[in-house]
Amino acid sequence: MVTEIVQYFKSSGSQYEEYLIQHIQLSITALLIALVIGVPLGYISYKHPKAAEFFTTTSQLLRIIPSLAILFILIPIIGVGELPALIALVFLGIPPILVNTILGFKEIPAVTKEVASGLGMDTKQLMKKIEFPLATPFILNGIKLSLVEIIASATLATYIGAGGLGTLIFTGLGLYRMDLLIIGGGTVTFLSLLSMFILDITIRKVSKNSVEFSS
Amino acid sequence: MSNSAVKFKNVEKKFAAETIIEKLSFEVEDGEFITILGSSGSGKTTTLKMINRLVEPDGGTIEVNGQSIEQIDLIELRRNIGYVVQQIGLFPHLTIEKNIATVPELLGWDKEKILVRVKELMELVKLPYEQYGKRHPKQLSGGQQQRVGVARALAANPQIMLLDEPFGAVDAITRKELQKQIKSIHKELSGKTFLFVTHDINEAFYLGDKVMIMNNGEISQYDTPKNIVTNPKTDFVKELLDTIYEEEALWRELK
């Protein structure tokens, strides 16, 4: 087994690299888009409880649909390739970010906000100086959950032609090649663990002086 | 004639159907230390919060320095009034220095001026800058945090200070110490008007140049501590003073 894995890296190292880069690129792009959509929606939801209800229910509903199903639903609409995969991953990535952003803003003690306005901060200053810094650990936690979800689901994106490490896994399944399965699956696991690890450290760092944070 | 720093005229406040404040009128002179004494639900905190418009009155007018607060820009008004609350509300993610610098930064002071001011204030509340400036609120005791809260409220040199049970959550000994400090701070910064809400009779009578005793959204009596004790005007005030006399008797007995 080990020799086969070594053999694979020797003969197809550049191919592996390509899959890895595809996977990471796809995941990061999806995360960034999810972030750009999720955080503002979270802030709006925090300011308007009705919006919060709508967005959280919708995103919870979205979560019920399996990742694979979302991928296939999009095929008749936008076809195959990287774009539908990206859209599906963004959809999967938004809920954890949205929910945790709302939570983060809600956890800010009312008295902190009252004193801030009492001292003469306007809405914008309150947001910039108080609300966002204090919600940051929670938003980061949302990013962590979202990224793990995206990295895992990006494996399935292979099915609609977006490449990535999933290619290795599905080739391995098809050809009954254990070495490919281990390389593909192992790398995805490693990527997930690595991103969790990095974000956990970051969260610990930023929440040291913040509101009590329990994940 | 001295000017009035704060003036209430027939101020009313309702929450839902319940009337919290009914036709409240009073005047606070420039430079006075006023304590507002009352039990919970008496409307004392509401009264205080109406001055910096964290609560909007339903009727009547409130004047600050002779100007109706509705005519003053809200942000402007608040930056000129210091505000301290029981839960302190220090910003946990900012250092002590940054907490105290909040309002000067909002006002756009230059850095050097802010630093000088922060050091001066930390001196005033007896927390040396070198030792405490870079710490975060979590690393301070409750009493120390409360002193930072007072320093932060004083930062931009406001003429009026609103203090809402600032020492309510600290132990008895620290509380006594803080009371002495706030009294000397008021004396040191002559000319500033302090409005201090409390439910502790001893605190109210110790600190106040005048004590405003509130009950059910009305003023029961508003006078100097001495005048209130020698001449209690309402049954409520008499009752209140009786509790103190009873306590006194208890302590005498135990001795």
# chains A, B, ... in the order shown; residues from 1 in each chain; ligands from 1
>>> interface_residues(of="chain B", to="chain A", cutoff="12 Å", atoms="only C-alpha atoms", output="JSON, numbers by chain")
{"B": [48, 49, 50, 51, 52, 53, 54, 55, 73, 74, 75, 76, 77, 78, 79, 80, 81, 82, 83, 84, 85, 86, 87, 88, 89, 90, 91, 92, 93, 94, 95, 96, 98, 99, 100, 101, 102, 103, 104, 105, 106, 107, 135, 136, 137, 138, 139, 149, 150, 152, 153, 154, 155, 156, 158, 161, 162, 163, 164]}
>>> residues_around(residues="range 58-63 of chain B", least_positions_apart="2", cutoff="7 Å", atoms="only C-alpha atoms", output="number ranges by chain")
B: 6-14, 56, 65-69
>>> select_by_dssp(residues="range 46-212 of chain A", states="alpha helix (DSSP H)", output="JSON, numbers by chain")
{"A": [46, 47, 49, 50, 51, 52, 53, 54, 55, 56, 57, 58, 59, 60, 61, 62, 63, 64, 67, 68, 69, 70, 71, 72, 73, 74, 75, 76, 77, 78, 82, 83, 84, 85, 86, 87, 88, 89, 90, 91, 92, 93, 94, 95, 96, 97, 98, 99, 100, 101, 102, 103, 104, 105, 106, 110, 111, 112, 113, 114, 115, 116, 117, 118, 123, 124, 125, 132, 133, 134, 135, 136, 137, 138, 139, 140, 141, 142, 143, 144, 145, 146, 147, 148, 149, 150, 151, 152, 153, 154, 166, 167, 168, 169, 170, 171, 172, 173, 174, 175, 178, 179, 180, 181, 182, 183, 184, 185, 186, 187, 188, 189, 190, 191, 192, 193, 194, 195, 196, 197, 198, 199, 200, 201, 202, 203, 204, 205, 206]}
>>> atom_distance(atom1="CA of Phe15 in chain B", atom2="CA of Val28 in chain B")
25.3 Å
>>> residues_around(residues="range 128-130 of chain B", least_positions_apart="4", cutoff="8 Å", atoms="only C-alpha atoms", output="ChimeraX atom specification")
/B:97,118-119,122-123,134
>>> residues_around(residues="Tyr245 in chain B", least_positions_apart="5", cutoff="12 Å", atoms="only C-alpha atoms", output="JSON, numbers by chain")
{"B": [201, 202, 229, 238, 239, 240, 250, 251, 252]}
>>> residues_around(residues="Asp223 in chain B", least_positions_apart="4", cutoff="7 Å", atoms="only C-alpha atoms", output="list in words")
Lys210, Val211, Met212, Asn227 and Ile228 of chain B
